[in-house]
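Visitor: mmCIF, C-alpha atoms, saved as structure05.cif, coming up:
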```
data_work
loop_
_atom_site.label_atom_id
_atom_site.label_comp_id
_atom_site.auth_asym_id
_atom_site.auth_seq_id
_atom_site.Cartn_x
_atom_site.Cartn_y
_atom_site.Cartn_z
CA MET A 1 64.88 36.60 75.59
CA THR A 2 67.34 33.72 75.86
CA LEU A 3 71.00 34.50 75.23
CA THR A 4 73.37 31.76 74.10
CA SER A 5 77.09 31.77 73.54
CA GLY A 6 78.40 31.17 70.04
CA TYR A 7 81.74 29.95 71.39
CA ASP A 8 82.45 26.26 70.91
CA PHE A 9 84.30 25.28 74.07
CA ASP A 10 84.59 21.60 73.13
CA GLN A 11 86.27 22.27 69.80
CA ALA A 12 88.63 24.87 71.27
CA THR A 13 90.13 22.32 73.66
CA SER A 14 91.75 20.46 70.77
CA ALA A 15 95.27 21.56 69.82
CA ASP A 16 94.57 20.85 66.17
CA ARG A 17 91.35 22.87 66.30
CA ILE A 18 93.13 25.81 67.95
CA ARG A 19 95.79 25.77 65.24
CA GLU A 20 93.09 25.61 62.56
CA LEU A 21 91.32 28.61 64.06
CA ASP A 22 94.61 30.47 64.43
CA ARG A 23 95.21 30.37 60.68
CA SER A 24 92.74 33.26 60.46
CA VAL A 25 94.92 35.38 62.76
CA PHE A 26 97.54 37.78 61.41
CA HIS A 27 100.35 37.66 63.98
CA SER A 28 102.47 40.62 65.08
CA TRP A 29 106.21 40.86 64.37
CA SER A 30 106.10 37.68 62.30
CA ALA A 31 106.41 36.31 58.80
CA GLN A 32 103.03 34.59 58.50
CA GLY A 33 103.93 31.57 56.39
CA SER A 34 106.00 29.54 58.84
CA LEU A 35 104.24 30.10 62.15
CA ASP A 36 103.70 27.24 64.58
CA PRO A 37 102.57 28.90 67.81
CA LEU A 38 102.29 27.13 71.14
CA THR A 39 98.63 26.45 71.92
CA ILE A 40 97.92 27.84 75.39
CA ALA A 41 94.75 26.37 76.89
CA GLY A 42 94.92 27.64 80.48
CA GLY A 43 97.04 28.93 83.31
CA GLU A 44 97.25 29.40 87.05
CA GLY A 45 99.82 31.37 89.02
CA SER A 46 103.26 30.86 87.47
CA THR A 47 102.16 27.94 85.28
CA VAL A 48 100.45 27.60 81.91
CA TRP A 49 99.45 24.48 80.00
CA ASP A 50 98.93 23.73 76.35
CA ALA A 51 95.97 22.08 74.67
CA ASP A 52 97.58 18.66 75.11
CA GLY A 53 97.87 19.18 78.86
CA ARG A 54 101.64 19.75 78.96
CA ARG A 55 102.52 22.21 81.73
CA TYR A 56 105.14 24.96 81.59
CA LEU A 57 106.64 27.26 84.16
CA ASP A 58 105.91 30.65 82.63
CA PHE A 59 109.25 32.43 83.02
CA SER A 60 108.30 34.83 80.25
CA SER A 61 105.27 36.23 82.07
CA GLN A 62 103.90 36.19 78.50
CA LEU A 63 105.23 39.59 77.39
CA VAL A 64 106.66 40.39 80.83
CA ASN A 65 103.24 41.52 81.98
CA THR A 66 101.51 38.85 84.09
CA ASN A 67 103.07 40.17 87.30
CA ILE A 68 100.24 38.84 89.46
CA GLY A 69 100.30 35.48 87.67
CA HIS A 70 97.63 33.75 85.65
CA GLN A 71 93.96 33.69 86.63
CA HIS A 72 94.35 35.41 89.99
CA PRO A 73 90.90 35.02 91.56
CA ALA A 74 90.76 38.57 92.94
CA VAL A 75 91.28 40.09 89.49
CA ILE A 76 88.88 37.71 87.76
CA ARG A 77 86.25 38.43 90.42
CA ALA A 78 86.68 42.20 90.07
CA ILE A 79 86.17 42.01 86.29
CA GLN A 80 83.12 39.76 86.65
CA GLU A 81 81.50 41.96 89.30
CA GLN A 82 82.03 45.10 87.23
CA ALA A 83 80.66 43.40 84.11
CA ALA A 84 77.48 42.61 86.00
CA VAL A 85 77.03 46.28 87.00
CA LEU A 86 78.26 48.34 84.02
CA ALA A 87 80.26 46.73 81.22
CA THR A 88 81.12 49.91 79.30
CA VAL A 89 80.73 53.67 79.45
CA ALA A 90 82.09 56.63 77.48
CA PRO A 91 85.19 58.27 78.97
CA ALA A 92 83.44 61.64 79.29
CA HIS A 93 81.20 60.27 82.05
CA ALA A 94 82.32 59.82 85.65
CA VAL A 95 82.19 56.27 86.96
CA ALA A 96 83.29 55.17 90.41
CA VAL A 97 85.63 52.38 89.36
CA ARG A 98 87.70 54.71 87.15
CA GLY A 99 88.35 57.10 90.00
CA GLN A 100 89.17 54.19 92.28
CA ALA A 101 91.71 52.84 89.80
CA ALA A 102 93.32 56.27 89.48
CA GLN A 103 93.56 56.61 93.25
CA ARG A 104 95.13 53.16 93.61
CA ILE A 105 97.83 54.13 91.09
CA LEU A 106 98.44 57.59 92.56
CA GLY A 107 98.88 55.98 95.96
CA HIS A 108 102.16 54.53 94.70
CA ALA A 109 103.33 57.54 92.68
CA PRO A 110 105.78 60.16 93.95
CA ALA A 111 104.50 63.35 95.59
CA GLY A 112 103.28 65.97 93.13
CA PHE A 113 101.21 63.66 90.93
CA ASP A 114 97.42 63.93 91.18
CA LYS A 115 96.11 62.98 87.73
CA VAL A 116 96.01 59.81 85.61
CA PHE A 117 95.15 59.68 81.91
CA PHE A 118 94.07 56.18 80.91
CA THR A 119 94.89 54.59 77.55
CA ASN A 120 94.45 51.16 76.01
CA GLY A 121 98.05 50.03 76.45
CA GLY A 122 101.67 51.04 76.81
CA ALA A 123 102.22 52.25 73.24
CA ASP A 124 99.46 54.83 73.36
CA ALA A 125 100.52 55.79 76.88
CA ASN A 126 103.90 56.80 75.46
CA GLU A 127 102.21 58.35 72.43
CA ASN A 128 100.11 60.61 74.62
CA ALA A 129 102.97 61.38 76.99
CA ILE A 130 104.91 62.71 74.00
CA ARG A 131 101.85 64.76 73.03
CA LEU A 132 101.56 66.19 76.54
CA ALA A 133 105.25 67.14 76.56
CA ARG A 134 105.03 68.85 73.17
CA LEU A 135 101.91 70.80 74.09
CA HIS A 136 103.29 71.76 77.51
CA THR A 137 106.62 73.04 76.17
CA GLY A 138 105.62 74.23 72.71
CA ARG A 139 108.62 72.29 71.38
CA ASP A 140 108.88 69.34 69.04
CA LYS A 141 111.87 67.01 69.45
CA VAL A 142 111.94 63.89 71.59
CA VAL A 143 115.24 62.35 72.70
CA SER A 144 115.29 58.63 73.45
CA THR A 145 117.89 55.85 73.39
CA TYR A 146 118.84 53.35 70.73
CA ARG A 147 118.44 50.46 73.18
CA SER A 148 114.76 50.92 73.93
CA TYR A 149 111.25 49.87 73.08
CA HIS A 150 108.30 52.24 73.59
CA GLY A 151 105.50 50.63 71.56
CA ASN A 152 104.12 50.14 68.07
CA THR A 153 102.24 53.37 67.32
CA GLY A 154 103.28 56.40 65.28
CA ALA A 155 105.56 58.35 67.62
CA ALA A 156 106.18 55.53 70.11
CA VAL A 157 107.73 53.20 67.55
CA VAL A 158 109.95 56.00 66.20
CA ALA A 159 111.04 56.82 69.76
CA THR A 160 111.95 53.13 69.98
CA GLY A 161 115.60 52.45 69.30
CA ASP A 162 115.71 48.86 68.12
CA TRP A 163 115.19 47.41 64.61
CA ARG A 164 111.41 47.84 64.74
CA ARG A 165 111.83 51.59 64.35
CA VAL A 166 113.53 51.44 60.97
CA PRO A 167 110.62 50.24 58.74
CA ASN A 168 108.20 52.53 60.61
CA GLU A 169 109.93 55.92 60.62
CA PHE A 170 107.00 58.12 59.68
CA ALA A 171 106.88 60.42 62.73
CA ARG A 172 108.90 63.63 62.94
CA GLY A 173 111.18 65.16 65.53
CA HIS A 174 112.92 62.11 67.03
CA VAL A 175 116.57 62.03 68.11
CA HIS A 176 118.39 59.00 69.51
CA VAL A 177 121.38 58.67 71.84
CA PHE A 178 123.25 55.79 73.43
CA GLY A 179 122.29 55.08 77.01
CA PRO A 180 124.54 53.45 79.61
CA TYR A 181 125.41 49.77 79.12
CA LEU A 182 128.75 49.10 80.80
CA TYR A 183 129.12 45.51 79.56
CA ARG A 184 129.16 46.83 75.97
CA SER A 185 130.12 50.42 76.65
CA GLU A 186 129.94 52.90 73.79
CA PHE A 187 132.07 55.27 75.88
CA TRP A 188 135.18 53.19 76.61
CA ALA A 189 134.17 53.21 80.26
CA GLU A 190 135.67 50.83 82.79
CA THR A 191 133.52 51.58 85.83
CA PRO A 192 129.83 52.27 86.42
CA GLU A 193 130.72 55.80 87.45
CA GLN A 194 132.59 56.44 84.19
CA GLU A 195 129.72 54.96 82.17
CA SER A 196 127.22 57.21 83.91
CA GLU A 197 129.29 60.36 83.56
CA ARG A 198 130.12 59.77 79.89
CA ALA A 199 126.59 58.75 78.91
CA LEU A 200 125.28 61.93 80.55
CA ARG A 201 127.85 64.00 78.70
CA HIS A 202 126.80 62.36 75.42
CA LEU A 203 123.14 63.09 76.14
CA GLU A 204 123.74 66.74 77.03
CA ARG A 205 126.00 67.41 74.05
CA THR A 206 123.35 65.89 71.75
CA ILE A 207 120.70 68.18 73.22
CA GLN A 208 123.00 71.16 72.83
CA ALA A 209 123.73 70.22 69.22
CA GLU A 210 120.02 69.77 68.44
CA GLY A 211 119.16 73.10 70.10
CA PRO A 212 117.77 72.85 73.64
CA ASP A 213 114.87 75.16 72.81
CA SER A 214 113.68 72.60 70.24
CA VAL A 215 113.61 69.62 72.64
CA ALA A 216 110.27 68.84 74.27
CA ALA A 217 111.08 65.60 76.08
CA ILE A 218 113.62 63.04 77.13
CA LEU A 219 111.91 59.64 77.05
CA LEU A 220 113.63 56.74 78.81
CA GLU A 221 112.64 53.35 80.13
CA THR A 222 113.57 53.48 83.80
CA ILE A 223 115.21 50.11 83.21
CA PRO A 224 115.29 49.19 79.50
CA GLY A 225 113.55 45.82 79.35
CA THR A 226 113.37 44.22 75.92
CA ALA A 227 116.74 45.85 75.15
CA GLY A 228 118.42 43.77 77.85
CA ILE A 229 117.29 44.73 81.39
CA LEU A 230 119.91 47.46 81.54
CA THR A 231 119.84 48.75 85.11
CA PRO A 232 121.18 52.33 84.97
CA PRO A 233 124.44 52.98 86.80
CA PRO A 234 124.56 55.18 89.92
CA GLY A 235 123.79 58.81 89.20
CA TYR A 236 122.52 58.38 85.66
CA LEU A 237 118.80 59.00 86.11
CA GLU A 238 119.51 61.79 88.58
CA GLY A 239 121.82 63.31 85.98
CA VAL A 240 119.13 63.11 83.31
CA ARG A 241 116.74 64.87 85.67
CA ALA A 242 119.29 67.66 86.14
CA ILE A 243 119.80 68.03 82.36
CA ALA A 244 116.04 68.18 81.79
CA ASP A 245 115.71 70.87 84.46
CA ARG A 246 118.61 72.85 83.03
CA TYR A 247 116.97 73.16 79.61
CA GLY A 248 113.27 73.14 80.55
CA ILE A 249 112.71 69.69 79.03
CA VAL A 250 109.97 67.28 80.14
CA PHE A 251 111.41 64.07 81.58
CA ILE A 252 109.27 60.99 80.81
CA LEU A 253 109.98 57.64 82.45
CA ASP A 254 108.48 54.64 80.67
CA GLU A 255 107.51 52.12 83.36
CA VAL A 256 105.36 50.00 81.06
CA MET A 257 107.48 46.89 81.62
CA ALA A 258 109.40 47.78 84.78
CA GLY A 259 106.51 49.07 86.88
CA PHE A 260 104.18 47.49 89.44
CA GLY A 261 106.37 44.92 91.13
CA ARG A 262 108.57 43.75 88.28
CA THR A 263 111.78 45.10 89.85
CA GLY A 264 110.67 44.46 93.43
CA GLU A 265 109.41 48.04 93.75
CA TRP A 266 105.99 49.51 93.03
CA PHE A 267 107.61 51.76 90.44
CA ALA A 268 111.14 50.95 89.29
CA LEU A 269 112.02 54.63 89.77
CA ASP A 270 111.57 54.17 93.53
CA ALA A 271 115.02 52.59 93.71
CA PHE A 272 116.75 55.59 92.12
CA GLY A 273 115.50 58.60 94.07
CA VAL A 274 114.39 60.45 90.93
CA THR A 275 111.05 62.02 90.03
CA PRO A 276 110.14 62.52 86.35
CA ASP A 277 107.41 64.78 84.97
CA LEU A 278 105.38 61.98 83.39
CA ILE A 279 105.26 58.25 84.17
CA THR A 280 103.81 55.83 81.63
CA PHE A 281 102.49 52.43 82.67
CA ALA A 282 100.59 49.36 81.42
CA LYS A 283 101.41 45.62 81.68
CA GLY A 284 101.87 44.99 85.43
CA VAL A 285 99.21 47.46 86.58
CA ASN A 286 96.62 44.72 85.97
CA SER A 287 98.82 41.96 84.53
CA GLY A 288 97.20 42.32 81.12
CA TYR A 289 93.87 40.75 82.11
CA VAL A 290 92.12 43.55 80.17
CA PRO A 291 94.02 45.91 77.81
CA VAL A 292 94.93 49.11 79.66
CA GLY A 293 97.71 51.64 80.10
CA GLY A 294 98.10 55.23 81.13
CA ILE A 295 100.13 58.23 82.19
CA VAL A 296 100.66 59.54 85.70
CA ILE A 297 100.82 63.31 85.19
CA SER A 298 102.69 65.77 87.38
CA ASP A 299 100.74 68.71 88.79
CA ALA A 300 102.72 71.23 86.72
CA ILE A 301 101.86 69.56 83.42
CA ALA A 302 98.27 68.85 84.42
CA ALA A 303 97.83 72.56 85.22
CA THR A 304 98.66 73.42 81.61
CA PHE A 305 95.27 72.00 80.67
CA ASP A 306 93.15 73.55 83.43
CA GLU A 307 91.81 76.16 80.99
CA ARG A 308 93.15 74.69 77.77
CA VAL A 309 91.61 71.72 75.97
CA PHE A 310 93.77 68.61 75.83
CA PRO A 311 93.39 67.53 72.20
CA GLY A 312 93.46 63.81 72.73
CA GLY A 313 91.25 60.91 73.77
CA LEU A 314 90.31 57.29 73.22
CA THR A 315 86.92 55.63 73.02
CA TYR A 316 87.96 53.07 75.61
CA SER A 317 89.96 55.35 77.90
CA GLY A 318 89.26 54.23 81.44
CA HIS A 319 87.10 51.30 80.32
CA PRO A 320 85.20 49.97 83.36
CA LEU A 321 86.36 46.37 83.00
CA ALA A 322 89.98 47.49 82.72
CA MET A 323 89.55 49.79 85.71
CA ALA A 324 88.08 46.99 87.79
CA SER A 325 91.02 44.77 86.87
CA ILE A 326 93.42 47.47 88.12
CA VAL A 327 91.59 47.82 91.42
CA GLY A 328 91.47 44.05 91.87
CA ALA A 329 95.11 43.58 90.94
CA LEU A 330 96.59 46.39 93.02
CA ASP A 331 94.49 45.54 96.07
CA ALA A 332 95.59 41.92 95.86
CA MET A 333 99.22 42.94 95.39
CA GLU A 334 98.94 45.08 98.53
CA THR A 335 97.21 42.54 100.78
CA GLU A 336 99.22 39.54 99.62
CA GLY A 337 102.64 41.25 99.70
CA ILE A 338 103.30 40.41 96.05
CA VAL A 339 105.75 43.27 95.42
CA ALA A 340 107.68 42.30 98.55
CA ASN A 341 107.72 38.71 97.29
CA ALA A 342 109.26 39.82 93.99
CA LYS A 343 111.95 41.75 95.87
CA ARG A 344 112.71 38.80 98.18
CA ILE A 345 112.76 36.20 95.39
CA GLY A 346 115.11 38.43 93.43
CA ALA A 347 117.51 39.02 96.32
CA ASP A 348 117.42 35.62 98.00
CA VAL A 349 116.81 33.13 95.19
CA LEU A 350 117.37 34.49 91.68
CA ALA A 351 120.41 36.70 92.34
CA PRO A 352 122.51 33.98 94.02
CA GLY A 353 121.14 31.24 91.77
CA LEU A 354 121.92 33.11 88.56
CA ALA A 355 125.35 34.13 89.87
CA GLU A 356 126.07 30.45 90.50
CA LEU A 357 125.05 29.64 86.95
CA GLN A 358 127.41 32.34 85.67
CA GLN A 359 130.30 30.82 87.60
CA LYS A 360 129.48 27.38 86.20
CA HIS A 361 128.75 28.25 82.57
CA ALA A 362 131.19 30.16 80.36
CA LEU A 363 128.31 30.92 77.99
CA ILE A 364 127.01 33.51 80.45
CA GLY A 365 128.87 36.76 79.94
CA GLU A 366 126.84 38.83 82.39
CA VAL A 367 123.91 38.50 84.78
CA ARG A 368 121.94 41.64 85.64
CA GLY A 369 118.63 42.56 87.16
CA SER A 370 116.52 42.83 90.30
CA GLY A 371 113.22 41.51 91.59
CA VAL A 372 111.75 39.25 88.90
CA PHE A 373 113.48 41.17 86.10
CA TRP A 374 116.76 39.51 85.06
CA ALA A 375 118.81 38.86 81.93
CA LEU A 376 121.45 36.30 81.11
CA GLU A 377 123.67 37.68 78.35
CA LEU A 378 125.07 34.73 76.45
CA VAL A 379 128.43 34.96 74.68
CA ALA A 380 130.48 32.73 72.43
CA HIS A 381 133.63 33.78 74.30
CA ARG A 382 133.89 35.64 77.60
CA GLY A 383 137.12 37.33 76.65
CA THR A 384 135.85 38.88 73.43
CA ARG A 385 132.21 39.13 74.61
CA GLU A 386 131.12 38.05 71.15
CA PRO A 387 127.34 37.56 71.34
CA LEU A 388 126.11 34.00 71.05
CA ALA A 389 124.63 33.49 67.58
CA ALA A 390 120.87 33.69 67.14
CA GLY A 391 120.66 30.06 66.08
CA TYR A 392 121.92 28.92 69.46
CA ILE A 393 119.42 31.18 71.25
CA GLY A 394 116.68 29.52 69.22
CA ARG A 395 118.08 26.14 70.21
CA ALA A 396 118.14 27.18 73.87
CA LYS A 397 114.49 28.22 73.65
CA LYS A 398 113.55 24.84 72.22
CA LEU A 399 115.48 22.96 74.92
CA LEU A 400 113.90 25.04 77.67
CA MET A 401 110.40 24.33 76.39
CA GLN A 402 111.16 20.63 76.10
CA ARG A 403 111.94 20.69 79.81
CA GLY A 404 108.75 22.50 80.74
CA LEU A 405 109.86 26.14 80.92
CA LEU A 406 108.34 28.87 78.76
CA PRO A 407 111.18 31.37 78.15
CA PHE A 408 111.58 34.96 77.02
CA THR A 409 114.52 35.35 74.65
CA ALA A 410 115.82 38.41 72.80
CA ASP A 411 118.95 38.79 70.69
CA ASN A 412 121.70 36.91 72.56
CA ARG A 413 119.86 36.86 75.88
CA ILE A 414 117.58 34.75 78.02
CA HIS A 415 115.41 37.00 80.20
CA VAL A 416 114.45 35.48 83.54
CA VAL A 417 111.09 37.17 84.12
CA PRO A 418 108.61 35.04 86.10
CA PRO A 419 105.45 36.44 87.65
CA ALA A 420 105.94 38.35 90.90
CA VAL A 421 103.95 35.63 92.66
CA VAL A 422 106.54 32.98 91.81
CA ALA A 423 107.32 30.62 94.69
CA ASP A 424 110.76 29.60 95.92
CA ASP A 425 110.40 26.02 94.70
CA GLU A 426 109.29 27.21 91.25
CA ALA A 427 112.30 29.52 91.00
CA ALA A 428 114.57 26.70 92.11
CA GLN A 429 113.03 24.38 89.51
CA ALA A 430 113.60 26.99 86.80
CA LEU A 431 117.21 27.49 87.84
CA GLY A 432 117.74 23.75 87.49
CA ILE A 433 116.25 23.81 83.98
CA TYR A 434 118.46 26.73 82.94
CA ASP A 435 121.46 24.77 84.25
CA GLU A 436 120.52 21.67 82.24
CA VAL A 437 119.96 23.63 79.04
CA LEU A 438 123.17 25.64 79.30
CA THR A 439 125.07 22.39 79.88
CA ALA A 440 123.46 20.82 76.83
CA LEU A 441 124.08 23.92 74.74
CA ALA A 442 127.75 23.99 75.69
CA ARG A 443 128.10 20.36 74.56
CA GLU A 444 126.54 21.21 71.19
CA LEU A 445 128.90 24.16 70.76
#
```
Any chance you could put this one into structure tokens?

Guide:
Amino acid sequence: MTLTSGYDFDQATSADRIRELDRSVFHSWSAQGSLDPLTIAGGEGSTVWDADGRRYLDFSSQLVNTNIGHQHPAVIRAIQEQAAVLATVAPAHAVAVRGQAAQRILGHAPAGFDKVFFTNGGADANENAIRLARLHTGRDKVVSTYRSYHGNTGAAVVATGDWRRVPNEFARGHVHVFGPYLYRSEFWAETPEQESERALRHLERTIQAEGPDSVAAILLETIPGTAGILTPPPGYLEGVRAIADRYGIVFILDEVMAGFGRTGEWFALDAFGVTPDLITFAKGVNSGYVPVGGIVISDAIAATFDERVFPGGLTYSGHPLAMASIVGALDAMETEGIVANAKRIGADVLAPGLAELQQKHALIGEVRGSGVFWALELVAHRGTREPLAAGYIGRAKKLLMQRGLLPFTADNRIHVVPPAVVADDEAAQALGIYDEVLTALAREL
């Protein structure tokens, strides 16, 4: 039997043809009538190119997930080799590559974690982490922050704090609090220590008011990403751990965006000396080459289900191609020192370069971040900290793309989030483009 591909490679190389095909696609988070998406035809490392051959430095990492860069040969090879052996298998069966992927992940987890539950992405990782917490505690409520994003499924989107929660509030038992954010403090704090102390007090009083015996979990992004790369102040995560312990609450850290090299650590939590009960992951674990996510489960919670059925599962949980991509990605990150590169680029290139931009440009109210996980908060006036209007952020995005940089923007911010493989000269080139665009934007203002 002869097998042929039905994919028309020649037609798909045309930008017009790609746009024509794309009209059949219903896009997420978008009004469909006015879309004009960039046509991505290929990529390599920290660069992508469109169907007309124009190249862009990818300082969005797509959705902050291509930590290992585009088309890394080790990951592509791992997927191809697994496809040639066993392309799919039901999750109830044991398959070597799934166990290997779990072991690779556990090798970077804190002590006391010996199980991984695989999902199809970050949203259902958080969904199932909430389920685990509720079943383990016999409680219902989940406390999360207003400045957060946890995914677009039933409970995950309601645990989310930003605008996407509001039209989707169909899940029960969710409570929101304000997390620490000193630049725009909700607590009238003047120092990181005050912000931490007052945010912890706010969290504990909310739990007390809700009834501690009704709270199953506290769900936090280790470093809130889409909400602004809000690195927690000293003592905050440790304080949350203490509150969770005091009331018998499961502490879940969402590392979907921050994990696997993004902050210059294997897990972002490594920099804070805190161990949660559940760790959710996706994105950087395989840089999105195949959809995958999961939960690293502490021994205490895993033991709950030794003799009790866990009432959850997914047809593609631990899919062999996804598992192979994890093994390929994490092995390459180990051997090539990619996490160390992210840490060094952050400390030696991005931190000083972005600080210099802040000194030069009054539009930058604050710079914050680590590794390859940074945000420039843009303001109309430094004194009042009035956020720069959305129209100017849209203009900045257009100017950046005109100069060959693919950006990630949110609200009044430009997020500087290149792949963890980014080279010094690429980071320097990007810094120069940011400088040009901020100069041009200031003239327009």

Visitor: Listing only residues of stretch 77-184 of chain A within 10 Å of stretch 230-238 of chain A, what is the closest atom pair and its distance in Å (to one decimal) for each, using all atoms listed in the file, sorted by chain and residue number ascending, as CSV?

Guide:
```
residue,atom,partner,partner_atom,distance
A:Arg147,CA,A:Leu230,CA,9.0
A:Ser148,CA,A:Leu230,CA,9.8
A:Gly179,CA,A:Pro232,CA,8.5
A:Pro180,CA,A:Pro232,CA,6.4
A:Tyr181,CA,A:Leu230,CA,6.4
A:Leu182,CA,A:Pro233,CA,8.3
A:Tyr183,CA,A:Leu230,CA,9.6
```

Visitor: Please dump the current selection as a PDB file, in the coordinates of the input; keep C-alpha atoms.

Guide:
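Writing done, so here's selection.pdb:
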```pdb
ATOM      1  CA  ARG A 147     118.440  50.460  73.180  1.00  0.00           C
ATOM      2  CA  SER A 148     114.760  50.920  73.930  1.00  0.00           C
ATOM      3  CA  GLY A 179     122.290  55.080  77.010  1.00  0.00           C
ATOM      4  CA  PRO A 180     124.540  53.450  79.610  1.00  0.00           C
ATOM      5  CA  TYR A 181     125.410  49.770  79.120  1.00  0.00           C
ATOM      6  CA  LEU A 182     128.750  49.100  80.800  1.00  0.00           C
ATOM      7  CA  TYR A 183     129.120  45.510  79.560  1.00  0.00           C
TER       8      TYR A 183
END
```

Visitor: Within 8 Å of A:Ile68, counting all atoms listed in the file, which residues qualify if same-chain residues fewer than 2 places away don't, as a PyMOL selection string?

Guide: chain A and resi 45+66+70+72+284+286-287+329+333+338+419-421

Visitor: Once the PyMOL selection byres ((chain A and resi 123) around 9) is applied to the coordinates I shared, what remains selected? I want it as a PDB file with C-alpha atoms, keeping the file's coordinate frame.

Guide:
```pdb
ATOM      1  CA  THR A 119      94.890  54.590  77.550  1.00  0.00           C
ATOM      2  CA  ASN A 120      94.450  51.160  76.010  1.00  0.00           C
ATOM      3  CA  GLY A 121      98.050  50.030  76.450  1.00  0.00           C
ATOM      4  CA  GLY A 122     101.670  51.040  76.810  1.00  0.00           C
ATOM      5  CA  ASP A 124      99.460  54.830  73.360  1.00  0.00           C
ATOM      6  CA  ALA A 125     100.520  55.790  76.880  1.00  0.00           C
ATOM      7  CA  ASN A 126     103.900  56.800  75.460  1.00  0.00           C
ATOM      8  CA  GLU A 127     102.210  58.350  72.430  1.00  0.00           C
ATOM      9  CA  ASN A 128     100.110  60.610  74.620  1.00  0.00           C
ATOM     10  CA  HIS A 150     108.300  52.240  73.590  1.00  0.00           C
ATOM     11  CA  GLY A 151     105.500  50.630  71.560  1.00  0.00           C
ATOM     12  CA  ASN A 152     104.120  50.140  68.070  1.00  0.00           C
ATOM     13  CA  THR A 153     102.240  53.370  67.320  1.00  0.00           C
ATOM     14  CA  ALA A 155     105.560  58.350  67.620  1.00  0.00           C
ATOM     15  CA  ALA A 156     106.180  55.530  70.110  1.00  0.00           C
ATOM     16  CA  VAL A 157     107.730  53.200  67.550  1.00  0.00           C
ATOM     17  CA  VAL A 256     105.360  50.000  81.060  1.00  0.00           C
ATOM     18  CA  ALA A 282     100.590  49.360  81.420  1.00  0.00           C
ATOM     19  CA  GLY A 293      97.710  51.640  80.100  1.00  0.00           C
TER      20      GLY A 293
END
```

Visitor: Report, in Å to a single decimal, how far apart atom CA of A:Leu441 and atom CA of A:Ser185 are.

Guide: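 Going from atom CA of A:Ser185 over to atom CA of A:Leu441 covers 27.2 Å.
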
Visitor: Leaving out A:Asp36 and any residue of its chain fewer than 3 positions from it, which residues lie within 10 Å of it when counting only C-alpha atoms, given as a VMD selection string?

Guide: chain A and resid 19 22 to 23 32 to 33 39

Visitor: Would you kindly return, as a PyMOL selection string, each protein, DNA or RNA residue with an atom no farther than 10 Å from any atom of stretch 243-245 of chain A, considering all atoms listed in the file and excluding same-chain residues fewer than 6 positions away?

Guide: chain A and resi 200-201+203-204+207+212+215-218+237+251-252+276-277

Visitor: How close does each residue of stretch 203-260 of chain A get to stretch 103-111 of chain A, giving the shortest atom pair and distance in Å to one decimal for every residue with an atom at most 12 Å away, counting all atoms listed in the file, sorted by chain and residue number, as CSV?

Guide:
```
residue,atom,partner,partner_atom,distance
A:Glu255,CA,A:Ala109,CA,11.6
A:Gly259,CA,A:His108,CA,10.5
A:Phe260,CA,A:His108,CA,9.0
```

Visitor: Next, write the just-selected residues to a file, as a compact mmCIF listing (two decimals), in the frame of the given file, keeping C-alpha atoms as the atom set.

Guide:
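Resulting contents of result.txt:
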```
# COMPACT_ATOMS: atom_id res chain seq x y z
CA GLU A 255 107.51 52.12 83.36
CA GLY A 259 106.51 49.07 86.88
CA PHE A 260 104.18 47.49 89.44
```

Visitor: Do you know which residues the PyMOL selection byres ((chain A and resi 61) around 12) returns on this file, as JSON, numbers by chain?

Guide: {"A": [43, 44, 45, 46, 47, 48, 56, 57, 58, 59, 60, 62, 63, 64, 65, 66, 67, 68, 69, 70, 257, 262, 283, 284, 287, 288, 372, 373, 405, 406, 407, 408, 409, 415, 416, 417, 418, 419, 420, 421, 422]}

Visitor: Evaluating the PyMOL selection byres ((chain A and resi 345) around 10) on the displayed file yields which residues, as a PyMOL selection string?

Guide: chain A and resi 264+339-344+346-351+370-372+420-424+427

Visitor: Do a neighbour search on A:Arg443 at 12 Å with only C-alpha atoms, toss out local chain neighbours closer than 6 positions, and write the hits as a ChimeraX atom specification.

Guide: /A:361-363,392,436-437

Visitor: Measure the distance from atom CA of A:Thr137 to atom CA of A:Asp114 in Å and round it to one decimal.

Guide: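 Here the two named atoms are 19.8 Å from each other.
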
Visitor: From the set A:Tyr289, A:Glu20, A:Glu265, A:Val250, which residue has the shortest atom-to-atom contact distance to A:Val75, counting only C-alpha atoms?

Guide: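 Between A:Tyr289, A:Glu20, A:Glu265, A:Val250, the residue approaching A:Val75 most closely is A:Tyr289.
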
Visitor: Which residue out of A:Leu135, A:Ile76, A:Leu445, A:Ala87 has the minimum interatomic distance to A:Phe310 when all atoms listed in the file are used?

Guide: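 Under the stated criterion, the closest residue is A:Leu135.
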
Visitor: Which residue out of A:Ile279, A:Leu378, A:Ile79, A:Ala101 has the minimum interatomic distance to A:Ile295 when only C-alpha atoms are used?

Guide: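 Checking each candidate against A:Ile295, we get A:Ile279 as the closest.
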
Visitor: One decimal, Å: what's the distance from atom CA of A:Lys115 over to atom CA of A:Val296, could you say?

Guide: 6.1 Å

Visitor: Find, counting all atoms listed in the file, the residue in A:Leu314, A:Ile40, A:Arg164, A:Ala332 that gets nearest to A:Arg55.

Guide: A:Ile40

Visitor: What's around A:Gly394 at 10 Å? Count all atoms listed in the file, leave out sequence neighbours fewer than 6 positions away in its own chain, and write the answer as a list in words.

Guide: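 Here the qualifying residues turn out to be Leu400, Thr409, Ala410, Asp411 and Asn412 of chain A.
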
Visitor: Could you turn the residues from that selection into a file that holds C-alpha atoms, as an mmCIF file, in the frame of the given file?

Guide:
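The result, stored in part.cif:
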```
data_model
loop_
_atom_site.group_PDB
_atom_site.id
_atom_site.type_symbol
_atom_site.label_atom_id
_atom_site.label_comp_id
_atom_site.auth_asym_id
_atom_site.auth_seq_id
_atom_site.Cartn_x
_atom_site.Cartn_y
_atom_site.Cartn_z
ATOM 1 C CA LEU A 400 113.900 25.040 77.670
ATOM 2 C CA THR A 409 114.520 35.350 74.650
ATOM 3 C CA ALA A 410 115.820 38.410 72.800
ATOM 4 C CA ASP A 411 118.950 38.790 70.690
ATOM 5 C CA ASN A 412 121.700 36.910 72.560
#
```
